[in-house]
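Undergrad: Input structure: upload03.cif, which contains mmCIF, N, CA and C atoms.
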data_input
loop_
_atom_site.label_atom_id
_atom_site.label_comp_id
_atom_site.auth_asym_id
_atom_site.auth_seq_id
_atom_site.Cartn_x
_atom_site.Cartn_y
_atom_site.Cartn_z
N MET A 1 -155.80 8.97 -32.40
CA MET A 1 -155.14 8.52 -33.60
C MET A 1 -153.71 8.13 -33.29
N LYS A 2 -153.27 7.03 -33.82
CA LYS A 2 -151.89 6.60 -33.64
C LYS A 2 -151.05 7.12 -34.80
N LYS A 3 -149.85 7.60 -34.46
CA LYS A 3 -148.91 8.08 -35.48
C LYS A 3 -147.71 7.15 -35.49
N ILE A 4 -147.35 6.72 -36.69
CA ILE A 4 -146.17 5.87 -36.88
C ILE A 4 -145.23 6.60 -37.81
N VAL A 5 -143.97 6.71 -37.41
CA VAL A 5 -142.95 7.40 -38.20
C VAL A 5 -142.13 6.37 -38.97
N LEU A 6 -141.93 6.66 -40.23
CA LEU A 6 -141.03 5.89 -41.07
C LEU A 6 -139.86 6.80 -41.38
N THR A 7 -138.67 6.41 -40.95
CA THR A 7 -137.50 7.26 -41.13
C THR A 7 -136.31 6.42 -41.58
N GLY A 8 -135.23 7.09 -41.95
CA GLY A 8 -134.03 6.39 -42.37
C GLY A 8 -133.34 7.15 -43.49
N GLY A 9 -132.22 6.64 -43.88
CA GLY A 9 -131.40 7.30 -44.90
C GLY A 9 -131.96 7.15 -46.30
N PRO A 10 -131.33 7.84 -47.25
CA PRO A 10 -131.78 7.77 -48.64
C PRO A 10 -131.59 6.36 -49.19
N GLY A 11 -132.56 5.92 -49.97
CA GLY A 11 -132.48 4.60 -50.58
C GLY A 11 -132.83 3.45 -49.65
N ALA A 12 -133.31 3.76 -48.45
CA ALA A 12 -133.61 2.70 -47.47
C ALA A 12 -134.95 2.02 -47.74
N GLY A 13 -135.81 2.64 -48.53
CA GLY A 13 -137.10 2.03 -48.86
C GLY A 13 -138.32 2.75 -48.34
N LYS A 14 -138.15 3.94 -47.79
CA LYS A 14 -139.29 4.68 -47.25
C LYS A 14 -140.37 4.91 -48.30
N THR A 15 -139.98 5.41 -49.45
CA THR A 15 -140.95 5.73 -50.51
C THR A 15 -141.68 4.48 -50.96
N ALA A 16 -140.97 3.39 -51.13
CA ALA A 16 -141.61 2.14 -51.56
C ALA A 16 -142.62 1.66 -50.52
N ILE A 17 -142.25 1.70 -49.26
CA ILE A 17 -143.17 1.27 -48.20
C ILE A 17 -144.38 2.18 -48.13
N LEU A 18 -144.17 3.49 -48.24
CA LEU A 18 -145.29 4.43 -48.21
C LEU A 18 -146.25 4.19 -49.38
N GLU A 19 -145.72 3.93 -50.55
CA GLU A 19 -146.56 3.64 -51.72
C GLU A 19 -147.36 2.36 -51.53
N LEU A 20 -146.72 1.31 -51.01
CA LEU A 20 -147.42 0.05 -50.75
C LEU A 20 -148.52 0.26 -49.70
N ALA A 21 -148.20 0.98 -48.65
CA ALA A 21 -149.19 1.24 -47.59
C ALA A 21 -150.37 2.04 -48.14
N LYS A 22 -150.07 3.01 -48.99
CA LYS A 22 -151.13 3.84 -49.58
C LYS A 22 -152.08 2.96 -50.40
N ARG A 23 -151.54 2.05 -51.20
CA ARG A 23 -152.38 1.16 -52.02
C ARG A 23 -153.13 0.14 -51.16
N GLN A 24 -152.45 -0.44 -50.21
CA GLN A 24 -153.04 -1.51 -49.40
C GLN A 24 -154.13 -0.99 -48.46
N PHE A 25 -153.92 0.18 -47.89
CA PHE A 25 -154.83 0.71 -46.87
C PHE A 25 -155.54 1.97 -47.32
N MET A 26 -155.77 2.11 -48.61
CA MET A 26 -156.39 3.30 -49.18
C MET A 26 -157.64 3.70 -48.39
N GLY A 27 -157.66 4.93 -47.93
CA GLY A 27 -158.81 5.45 -47.21
C GLY A 27 -158.83 5.13 -45.72
N LYS A 28 -157.99 4.21 -45.28
CA LYS A 28 -157.97 3.82 -43.86
C LYS A 28 -156.76 4.38 -43.13
N LEU A 29 -155.82 4.89 -43.90
CA LEU A 29 -154.54 5.32 -43.36
C LEU A 29 -154.21 6.69 -43.93
N ALA A 30 -153.80 7.61 -43.08
CA ALA A 30 -153.35 8.92 -43.55
C ALA A 30 -151.84 8.85 -43.77
N ILE A 31 -151.40 9.25 -44.94
CA ILE A 31 -149.98 9.30 -45.23
C ILE A 31 -149.56 10.77 -45.12
N ILE A 32 -148.69 11.07 -44.18
CA ILE A 32 -148.21 12.45 -43.99
C ILE A 32 -146.89 12.57 -44.75
N PRO A 33 -146.84 13.51 -45.71
CA PRO A 33 -145.63 13.63 -46.54
C PRO A 33 -144.44 14.16 -45.75
N GLU A 34 -143.27 13.99 -46.34
CA GLU A 34 -142.04 14.49 -45.72
C GLU A 34 -142.09 16.02 -45.70
N SER A 35 -142.03 16.60 -44.52
CA SER A 35 -142.13 18.05 -44.37
C SER A 35 -140.98 18.79 -45.04
N ALA A 36 -139.78 18.23 -45.02
CA ALA A 36 -138.64 18.90 -45.66
C ALA A 36 -138.90 19.07 -47.15
N SER A 37 -139.49 18.07 -47.79
CA SER A 37 -139.80 18.18 -49.22
C SER A 37 -140.86 19.25 -49.46
N VAL A 38 -141.83 19.33 -48.57
CA VAL A 38 -142.87 20.35 -48.69
C VAL A 38 -142.27 21.75 -48.51
N VAL A 39 -141.44 21.89 -47.48
CA VAL A 39 -140.83 23.19 -47.18
C VAL A 39 -139.92 23.64 -48.32
N PHE A 40 -138.97 22.79 -48.71
CA PHE A 40 -138.02 23.18 -49.75
C PHE A 40 -138.66 23.20 -51.13
N GLY A 41 -139.60 22.28 -51.38
CA GLY A 41 -140.32 22.27 -52.65
C GLY A 41 -141.22 23.48 -52.81
N GLY A 42 -141.62 24.06 -51.68
CA GLY A 42 -142.47 25.25 -51.69
C GLY A 42 -141.69 26.54 -51.80
N GLY A 43 -140.37 26.44 -51.88
CA GLY A 43 -139.57 27.64 -52.10
C GLY A 43 -138.83 28.17 -50.89
N PHE A 44 -138.88 27.46 -49.76
CA PHE A 44 -138.13 27.94 -48.59
C PHE A 44 -136.65 27.95 -48.95
N TRP A 45 -135.99 29.02 -48.60
CA TRP A 45 -134.58 29.19 -48.97
C TRP A 45 -133.69 28.14 -48.31
N ARG A 46 -132.70 27.67 -49.04
CA ARG A 46 -131.69 26.75 -48.51
C ARG A 46 -130.40 27.55 -48.32
N HIS A 47 -130.37 28.34 -47.27
CA HIS A 47 -129.16 29.10 -46.96
C HIS A 47 -128.24 28.25 -46.10
N GLU A 48 -126.98 28.25 -46.42
CA GLU A 48 -126.01 27.46 -45.66
C GLU A 48 -125.51 28.18 -44.41
N SER A 49 -125.95 29.40 -44.21
CA SER A 49 -125.56 30.13 -43.00
C SER A 49 -126.18 29.45 -41.78
N LEU A 50 -125.63 29.73 -40.62
CA LEU A 50 -126.17 29.17 -39.38
C LEU A 50 -127.64 29.56 -39.23
N ALA A 51 -127.95 30.82 -39.44
CA ALA A 51 -129.33 31.29 -39.32
C ALA A 51 -130.23 30.60 -40.33
N GLY A 52 -129.74 30.41 -41.55
CA GLY A 52 -130.53 29.76 -42.60
C GLY A 52 -130.82 28.31 -42.29
N ARG A 53 -129.82 27.59 -41.80
CA ARG A 53 -130.01 26.18 -41.48
C ARG A 53 -130.98 26.01 -40.31
N LYS A 54 -130.87 26.89 -39.31
CA LYS A 54 -131.79 26.81 -38.17
C LYS A 54 -133.21 27.16 -38.60
N ALA A 55 -133.36 28.19 -39.41
CA ALA A 55 -134.69 28.59 -39.88
C ALA A 55 -135.36 27.45 -40.64
N ALA A 56 -134.61 26.79 -41.49
CA ALA A 56 -135.16 25.68 -42.26
C ALA A 56 -135.61 24.54 -41.34
N GLN A 57 -134.81 24.18 -40.37
CA GLN A 57 -135.18 23.08 -39.47
C GLN A 57 -136.38 23.43 -38.59
N ARG A 58 -136.47 24.69 -38.17
CA ARG A 58 -137.67 25.11 -37.41
C ARG A 58 -138.90 25.02 -38.30
N ALA A 59 -138.80 25.48 -39.55
CA ALA A 59 -139.93 25.42 -40.47
C ALA A 59 -140.38 23.98 -40.69
N ILE A 60 -139.43 23.09 -40.89
CA ILE A 60 -139.74 21.67 -41.12
C ILE A 60 -140.44 21.08 -39.89
N TYR A 61 -139.93 21.39 -38.71
CA TYR A 61 -140.52 20.89 -37.47
C TYR A 61 -141.98 21.35 -37.35
N TYR A 62 -142.23 22.64 -37.55
CA TYR A 62 -143.59 23.16 -37.37
C TYR A 62 -144.54 22.69 -38.47
N VAL A 63 -144.07 22.52 -39.68
CA VAL A 63 -144.91 21.97 -40.74
C VAL A 63 -145.31 20.54 -40.38
N GLN A 64 -144.35 19.75 -39.88
CA GLN A 64 -144.64 18.38 -39.47
C GLN A 64 -145.70 18.37 -38.38
N ARG A 65 -145.54 19.21 -37.37
CA ARG A 65 -146.52 19.27 -36.27
C ARG A 65 -147.91 19.63 -36.80
N GLU A 66 -147.98 20.57 -37.72
CA GLU A 66 -149.28 21.00 -38.26
C GLU A 66 -149.92 19.91 -39.11
N PHE A 67 -149.13 19.19 -39.91
CA PHE A 67 -149.68 18.05 -40.65
C PHE A 67 -150.31 17.05 -39.68
N GLU A 68 -149.57 16.71 -38.63
CA GLU A 68 -150.05 15.72 -37.66
C GLU A 68 -151.31 16.21 -36.95
N THR A 69 -151.33 17.49 -36.60
CA THR A 69 -152.50 18.07 -35.94
C THR A 69 -153.71 18.06 -36.87
N LEU A 70 -153.50 18.42 -38.12
CA LEU A 70 -154.59 18.43 -39.10
C LEU A 70 -155.22 17.05 -39.26
N VAL A 71 -154.38 16.04 -39.43
CA VAL A 71 -154.89 14.68 -39.60
C VAL A 71 -155.67 14.24 -38.35
N ALA A 72 -155.13 14.54 -37.18
CA ALA A 72 -155.81 14.16 -35.93
C ALA A 72 -157.14 14.89 -35.77
N GLU A 73 -157.16 16.19 -36.04
CA GLU A 73 -158.38 16.97 -35.86
C GLU A 73 -159.46 16.63 -36.88
N GLU A 74 -159.07 16.28 -38.10
CA GLU A 74 -160.07 15.89 -39.09
C GLU A 74 -160.71 14.55 -38.73
N GLY A 75 -159.94 13.67 -38.11
CA GLY A 75 -160.48 12.42 -37.61
C GLY A 75 -160.90 11.39 -38.64
N HIS A 76 -160.38 11.46 -39.84
CA HIS A 76 -160.76 10.50 -40.89
C HIS A 76 -160.00 9.19 -40.79
N SER A 77 -158.87 9.18 -40.10
CA SER A 77 -158.01 8.00 -40.04
C SER A 77 -157.68 7.67 -38.59
N VAL A 78 -157.52 6.39 -38.32
CA VAL A 78 -157.12 5.99 -36.97
C VAL A 78 -155.61 5.85 -36.88
N VAL A 79 -154.94 5.78 -38.05
CA VAL A 79 -153.48 5.68 -38.08
C VAL A 79 -152.94 6.66 -39.11
N ALA A 80 -151.88 7.35 -38.73
CA ALA A 80 -151.16 8.22 -39.65
C ALA A 80 -149.75 7.67 -39.80
N LEU A 81 -149.34 7.46 -41.03
CA LEU A 81 -147.99 7.01 -41.33
C LEU A 81 -147.21 8.23 -41.81
N CYS A 82 -146.20 8.62 -41.04
CA CYS A 82 -145.44 9.85 -41.30
C CYS A 82 -144.15 9.53 -42.05
N ASP A 83 -143.94 10.23 -43.16
CA ASP A 83 -142.66 10.15 -43.86
C ASP A 83 -141.71 11.07 -43.10
N ARG A 84 -141.03 10.51 -42.13
CA ARG A 84 -140.19 11.19 -41.14
C ARG A 84 -141.09 11.84 -40.09
N GLY A 85 -140.47 12.32 -39.01
CA GLY A 85 -141.23 12.91 -37.92
C GLY A 85 -140.49 14.09 -37.33
N THR A 86 -140.98 14.60 -36.22
CA THR A 86 -140.39 15.79 -35.60
C THR A 86 -139.00 15.55 -35.04
N VAL A 87 -138.67 14.30 -34.76
CA VAL A 87 -137.37 13.97 -34.17
C VAL A 87 -136.24 14.11 -35.20
N ASP A 88 -136.54 13.91 -36.48
CA ASP A 88 -135.52 13.92 -37.53
C ASP A 88 -134.71 15.21 -37.57
N GLY A 89 -135.34 16.33 -37.26
CA GLY A 89 -134.64 17.61 -37.34
C GLY A 89 -133.43 17.71 -36.43
N ALA A 90 -133.41 16.95 -35.36
CA ALA A 90 -132.27 16.98 -34.43
C ALA A 90 -130.98 16.55 -35.13
N ALA A 91 -131.09 15.68 -36.12
CA ALA A 91 -129.91 15.20 -36.85
C ALA A 91 -129.32 16.28 -37.76
N TYR A 92 -130.12 17.27 -38.11
CA TYR A 92 -129.67 18.32 -39.04
C TYR A 92 -129.41 19.65 -38.34
N TRP A 93 -129.71 19.72 -37.05
CA TRP A 93 -129.57 20.98 -36.31
C TRP A 93 -128.10 21.29 -36.13
N PRO A 94 -127.66 22.49 -36.53
CA PRO A 94 -126.23 22.81 -36.46
C PRO A 94 -125.64 22.84 -35.06
N GLY A 95 -126.43 23.05 -34.04
CA GLY A 95 -125.90 23.10 -32.67
C GLY A 95 -126.00 21.79 -31.93
N GLY A 96 -126.45 20.73 -32.58
CA GLY A 96 -126.60 19.44 -31.93
C GLY A 96 -128.01 19.24 -31.40
N ALA A 97 -128.32 18.01 -31.06
CA ALA A 97 -129.67 17.63 -30.66
C ALA A 97 -130.16 18.37 -29.42
N ASP A 98 -129.32 18.49 -28.40
CA ASP A 98 -129.77 19.16 -27.17
C ASP A 98 -130.18 20.60 -27.45
N ASP A 99 -129.43 21.27 -28.30
CA ASP A 99 -129.76 22.64 -28.67
C ASP A 99 -131.06 22.70 -29.47
N PHE A 100 -131.29 21.70 -30.31
CA PHE A 100 -132.53 21.60 -31.10
C PHE A 100 -133.74 21.54 -30.17
N TRP A 101 -133.68 20.64 -29.18
CA TRP A 101 -134.82 20.51 -28.26
C TRP A 101 -135.05 21.80 -27.48
N GLN A 102 -133.97 22.42 -27.04
CA GLN A 102 -134.09 23.67 -26.30
C GLN A 102 -134.70 24.77 -27.17
N GLU A 103 -134.23 24.88 -28.39
CA GLU A 103 -134.74 25.90 -29.32
C GLU A 103 -136.24 25.74 -29.55
N LEU A 104 -136.70 24.50 -29.65
CA LEU A 104 -138.11 24.24 -29.95
C LEU A 104 -138.96 24.04 -28.69
N LYS A 105 -138.33 24.25 -27.54
CA LYS A 105 -139.03 24.17 -26.25
C LYS A 105 -139.74 22.82 -26.07
N THR A 106 -139.00 21.76 -26.33
CA THR A 106 -139.50 20.40 -26.16
C THR A 106 -138.33 19.51 -25.73
N THR A 107 -138.58 18.22 -25.64
CA THR A 107 -137.53 17.27 -25.30
C THR A 107 -137.59 16.09 -26.26
N LYS A 108 -136.51 15.37 -26.33
CA LYS A 108 -136.48 14.16 -27.15
C LYS A 108 -137.56 13.19 -26.67
N ALA A 109 -137.67 13.01 -25.37
CA ALA A 109 -138.66 12.10 -24.80
C ALA A 109 -140.08 12.53 -25.15
N ALA A 110 -140.35 13.83 -25.07
CA ALA A 110 -141.69 14.33 -25.40
C ALA A 110 -142.03 14.09 -26.87
N GLU A 111 -141.05 14.28 -27.74
CA GLU A 111 -141.31 14.06 -29.17
C GLU A 111 -141.51 12.58 -29.47
N TYR A 112 -140.69 11.70 -28.91
CA TYR A 112 -140.88 10.27 -29.12
C TYR A 112 -142.23 9.81 -28.56
N ALA A 113 -142.67 10.40 -27.45
CA ALA A 113 -143.93 10.01 -26.82
C ALA A 113 -145.14 10.33 -27.71
N ARG A 114 -144.97 11.20 -28.67
CA ARG A 114 -146.07 11.56 -29.57
C ARG A 114 -146.37 10.46 -30.58
N TYR A 115 -145.45 9.50 -30.72
CA TYR A 115 -145.59 8.47 -31.73
C TYR A 115 -145.80 7.09 -31.11
N ALA A 116 -146.66 6.30 -31.76
CA ALA A 116 -146.89 4.92 -31.31
C ALA A 116 -145.69 4.05 -31.66
N ALA A 117 -145.02 4.39 -32.76
CA ALA A 117 -143.84 3.62 -33.19
C ALA A 117 -142.99 4.48 -34.10
N VAL A 118 -141.70 4.20 -34.09
CA VAL A 118 -140.75 4.81 -35.02
C VAL A 118 -140.01 3.66 -35.69
N ILE A 119 -140.15 3.58 -37.00
CA ILE A 119 -139.49 2.53 -37.77
C ILE A 119 -138.33 3.17 -38.51
N HIS A 120 -137.11 2.73 -38.18
CA HIS A 120 -135.91 3.29 -38.79
C HIS A 120 -135.35 2.30 -39.80
N LEU A 121 -135.34 2.71 -41.07
CA LEU A 121 -134.80 1.88 -42.14
C LEU A 121 -133.37 2.30 -42.42
N ARG A 122 -132.55 1.33 -42.76
CA ARG A 122 -131.13 1.62 -43.02
C ARG A 122 -130.86 1.61 -44.52
N THR A 123 -130.05 2.56 -44.95
CA THR A 123 -129.61 2.60 -46.34
C THR A 123 -128.72 1.38 -46.60
N PRO A 124 -129.00 0.63 -47.67
CA PRO A 124 -128.16 -0.53 -47.96
C PRO A 124 -126.73 -0.13 -48.27
N ALA A 125 -125.83 -1.03 -48.00
CA ALA A 125 -124.42 -0.82 -48.32
C ALA A 125 -124.22 -0.94 -49.83
N LEU A 126 -123.11 -0.42 -50.31
CA LEU A 126 -122.77 -0.49 -51.73
C LEU A 126 -122.81 -1.94 -52.21
N GLU A 127 -122.32 -2.85 -51.39
CA GLU A 127 -122.30 -4.27 -51.76
C GLU A 127 -123.71 -4.86 -51.90
N GLN A 128 -124.68 -4.18 -51.31
CA GLN A 128 -126.07 -4.65 -51.39
C GLN A 128 -126.83 -3.97 -52.51
N GLY A 129 -126.13 -3.20 -53.34
CA GLY A 129 -126.75 -2.66 -54.54
C GLY A 129 -127.14 -1.20 -54.53
N TYR A 130 -126.92 -0.48 -53.43
CA TYR A 130 -127.28 0.94 -53.42
C TYR A 130 -126.03 1.77 -53.69
N ASN A 131 -126.07 2.53 -54.79
CA ASN A 131 -124.88 3.31 -55.15
C ASN A 131 -124.98 4.78 -54.78
N GLY A 132 -126.10 5.21 -54.19
CA GLY A 132 -126.23 6.59 -53.74
C GLY A 132 -126.32 7.61 -54.86
N GLN A 133 -126.68 7.18 -56.06
CA GLN A 133 -126.68 8.08 -57.20
C GLN A 133 -128.06 8.63 -57.55
N ASN A 134 -128.93 8.78 -56.58
CA ASN A 134 -130.25 9.34 -56.84
C ASN A 134 -130.13 10.86 -56.90
N PRO A 135 -130.34 11.47 -58.08
CA PRO A 135 -130.16 12.92 -58.21
C PRO A 135 -131.19 13.74 -57.43
N ALA A 136 -132.29 13.12 -57.02
CA ALA A 136 -133.32 13.83 -56.27
C ALA A 136 -132.94 14.02 -54.80
N LEU A 137 -131.95 13.28 -54.34
CA LEU A 137 -131.57 13.35 -52.93
C LEU A 137 -130.31 14.16 -52.75
N SER A 138 -130.33 15.09 -51.79
CA SER A 138 -129.15 15.90 -51.55
C SER A 138 -128.53 15.62 -50.19
N GLN A 139 -129.04 14.59 -49.48
CA GLN A 139 -128.54 14.28 -48.16
C GLN A 139 -127.38 13.31 -48.25
N THR A 140 -126.57 13.30 -47.22
CA THR A 140 -125.55 12.27 -47.11
C THR A 140 -125.69 11.63 -45.73
N PHE A 141 -125.58 10.33 -45.69
CA PHE A 141 -125.68 9.58 -44.46
C PHE A 141 -124.58 8.55 -44.42
N PRO A 142 -124.15 8.15 -43.24
CA PRO A 142 -123.18 7.05 -43.17
C PRO A 142 -123.80 5.77 -43.73
N ARG A 143 -123.02 5.00 -44.38
CA ARG A 143 -123.51 3.73 -44.95
C ARG A 143 -123.69 2.68 -43.86
N SER A 144 -124.67 1.80 -44.09
CA SER A 144 -124.85 0.65 -43.20
C SER A 144 -123.73 -0.34 -43.42
N LYS A 145 -123.38 -1.06 -42.40
CA LYS A 145 -122.32 -2.07 -42.54
C LYS A 145 -122.91 -3.45 -42.55
#
Can the structure from this file be put into structure tokens for me?
TA:
Amino acid sequence: MKKIVLTGGPGAGKTAILELAKRQFMGKLAIIPESASVVFGGGFWRHESLAGRKAAQRAIYYVQREFETLVAEEGHSVVALCDRGTVDGAAYWPGGADDFWQELKTTKAAEYARYAAVIHLRTPALEQGYNGQNPALSQTFPRSK
């Protein structure tokens, strides 16, 4: 099974693309939800402490891996479209990306090798109509230029 990651900042169009793909390829494509939404929506604590932030990122990483494993083992789809992937956690890890890979006993190269493609969408600039006022999103990202 091929896995394709759709990633990027808030307002970049991930949700719209996932919805279109779901309608267009219904039954032929597995859509793997964003693990952070599953983890935090399921009640995982959002502690701002170092330990809390690391625990959350580890949980997100392992939930993502298990979603991907489940889809592959069930074998119903030849392609899985992931709303983010295992690599995303490196951007949120308090000790930096190298520490993230070490903590999870993997490498950036190994994680990228798990995916057939990674599509990175950019959040539009204010001049392009995105004002960043989505109350459902709590992330902040640098704006595209």
Undergrad: Write out as a VMD selection string all residues of chain A that DSSP puts in strand (DSSP E) for this structure's backbone.
TA: chain A and resid 2 to 8 29 to 32 79 to 83 117 to 121
Undergrad: If you take only N, CA and C atoms and a cut-off of 6.5 Å, which residues of region 14-75 of chain A touch region 79-95 of chain A, and what are their nearest atom pairs and distances in Å to one decimal, in chain and number order, as a Markdown table?
TA:
| residue | atom | partner | partner_atom | distance |
| --- | --- | --- | --- | --- |
| A:Lys28 | C | A:Val79 | N | 5.6 |
| A:Leu29 | CA | A:Val79 | C | 4.7 |
| A:Ala30 | C | A:Leu81 | N | 4.0 |
| A:Ile31 | CA | A:Leu81 | C | 4.5 |
| A:Ile32 | N | A:Leu81 | C | 4.0 |
| A:Pro33 | C | A:Asp83 | N | 4.7 |
| A:Glu34 | CA | A:Asp83 | C | 4.3 |
| A:Ser35 | N | A:Asp83 | C | 5.7 |
| A:Arg53 | C | A:Pro94 | N | 6.1 |
| A:Lys54 | N | A:Pro94 | N | 6.1 |
| A:Gln57 | CA | A:Gly89 | CA | 5.9 |
| A:Tyr61 | CA | A:Thr86 | CA | 5.4 |
| A:Gln64 | CA | A:Thr86 | N | 6.2 |
| A:Arg65 | N | A:Thr86 | CA | 6.4 |
Undergrad: Which value, in Å to one decimal, gives the distance between atom N of Tyr115 (chain A) and atom N of Ile4 (chain A)?
TA: 6.9 Å
Undergrad: As a ChimeraX atom specification, which residues of region 13-46 of chain A does DSSP assign to helix (DSSP H, G or I)?
TA: /A:14-24,35-41
Undergrad: Using only C-alpha atoms, which of A:Tyr112, A:Phe44, A:Phe100, A:Phe25 sits nearest Ala59 (chain A)?
TA: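 Smallest distance to Ala59 (chain A) is found for A:Phe44.
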Undergrad: Can you work out the spacing between CA of Ile17 (chain A) and CA of Arg122 (chain A) in Å, to one decimal?
TA: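 We find that CA of Ile17 (chain A) and CA of Arg122 (chain A) lie 13.1 Å from each other.
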Undergrad: Please, what distance in Å, to one decimal, runs between CA of Val118 (chain A) and CA of Thr7 (chain A)?
TA: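 Atom-to-atom, CA of Val118 (chain A) to CA of Thr7 (chain A), that is 7.3 Å.
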Undergrad: Just want the 10 Å neighbourhood of Met1 (chain A), counted on only C-alpha atoms, with same-chain residues fewer than 6 positions away dropped. Output as a list of chain:residue names.
TA: A:Glu68, A:Val71, A:Ala72, A:Glu73, A:Gly75, A:His76, A:Ser77, A:Val78, A:Val79, A:Ala80, A:Tyr115, A:Ala116
Undergrad: Kindly save the residues from that selection, with N, CA and C atoms included, as a PDB file, keeping the file's coordinate frame.
TA:
ATOM      1  N   GLU A  68    -149.570  16.710 -38.630  1.00  0.00           N
ATOM      2  CA  GLU A  68    -150.050  15.720 -37.660  1.00  0.00           C
ATOM      3  C   GLU A  68    -151.310  16.210 -36.950  1.00  0.00           C
ATOM      4  N   VAL A  71    -154.380  16.040 -39.430  1.00  0.00           N
ATOM      5  CA  VAL A  71    -154.890  14.680 -39.600  1.00  0.00           C
ATOM      6  C   VAL A  71    -155.670  14.240 -38.350  1.00  0.00           C
ATOM      7  N   ALA A  72    -155.130  14.540 -37.180  1.00  0.00           N
ATOM      8  CA  ALA A  72    -155.810  14.160 -35.930  1.00  0.00           C
ATOM      9  C   ALA A  72    -157.140  14.890 -35.770  1.00  0.00           C
ATOM     10  N   GLU A  73    -157.160  16.190 -36.040  1.00  0.00           N
ATOM     11  CA  GLU A  73    -158.380  16.970 -35.860  1.00  0.00           C
ATOM     12  C   GLU A  73    -159.460  16.630 -36.880  1.00  0.00           C
ATOM     13  N   GLY A  75    -159.940  13.670 -38.110  1.00  0.00           N
ATOM     14  CA  GLY A  75    -160.480  12.420 -37.610  1.00  0.00           C
ATOM     15  C   GLY A  75    -160.900  11.390 -38.640  1.00  0.00           C
ATOM     16  N   HIS A  76    -160.380  11.460 -39.840  1.00  0.00           N
ATOM     17  CA  HIS A  76    -160.760  10.500 -40.890  1.00  0.00           C
ATOM     18  C   HIS A  76    -160.000   9.190 -40.790  1.00  0.00           C
ATOM     19  N   SER A  77    -158.870   9.180 -40.100  1.00  0.00           N
ATOM     20  CA  SER A  77    -158.010   8.000 -40.040  1.00  0.00           C
ATOM     21  C   SER A  77    -157.680   7.670 -38.590  1.00  0.00           C
ATOM     22  N   VAL A  78    -157.520   6.390 -38.320  1.00  0.00           N
ATOM     23  CA  VAL A  78    -157.120   5.990 -36.970  1.00  0.00           C
ATOM     24  C   VAL A  78    -155.610   5.850 -36.880  1.00  0.00           C
ATOM     25  N   VAL A  79    -154.940   5.780 -38.050  1.00  0.00           N
ATOM     26  CA  VAL A  79    -153.480   5.680 -38.080  1.00  0.00           C
ATOM     27  C   VAL A  79    -152.940   6.660 -39.110  1.00  0.00           C
ATOM     28  N   ALA A  80    -151.880   7.350 -38.730  1.00  0.00           N
ATOM     29  CA  ALA A  80    -151.160   8.220 -39.650  1.00  0.00           C
ATOM     30  C   ALA A  80    -149.750   7.670 -39.800  1.00  0.00           C
ATOM     31  N   TYR A 115    -145.450   9.500 -30.720  1.00  0.00           N
ATOM     32  CA  TYR A 115    -145.590   8.470 -31.730  1.00  0.00           C
ATOM     33  C   TYR A 115    -145.800   7.090 -31.110  1.00  0.00           C
ATOM     34  N   ALA A 116    -146.660   6.300 -31.760  1.00  0.00           N
ATOM     35  CA  ALA A 116    -146.890   4.920 -31.310  1.00  0.00           C
ATOM     36  C   ALA A 116    -145.690   4.050 -31.660  1.00  0.00           C
TER      37      ALA A 116
END
Undergrad: Taking all atoms of region 51-57 of chain A that the file lists, what box with edges along x, y and z, padded by 6 Å per side, do you get, with centre and edge lengths in Å to one decimal, as JSON?
TA:
{"center_x": -132.2, "center_y": 27.2, "center_z": -40.4, "size_x": 20.4, "size_y": 20.2, "size_z": 16.4}
Undergrad: Counting only N, CA and C atoms, I want the residues whose atoms come within 7 Å of (-138.5, 5.3, -45.1) in the file frame, returned as a PyMOL selection string.
TA: chain A and resi 6-9+12-18+83-84+119-121
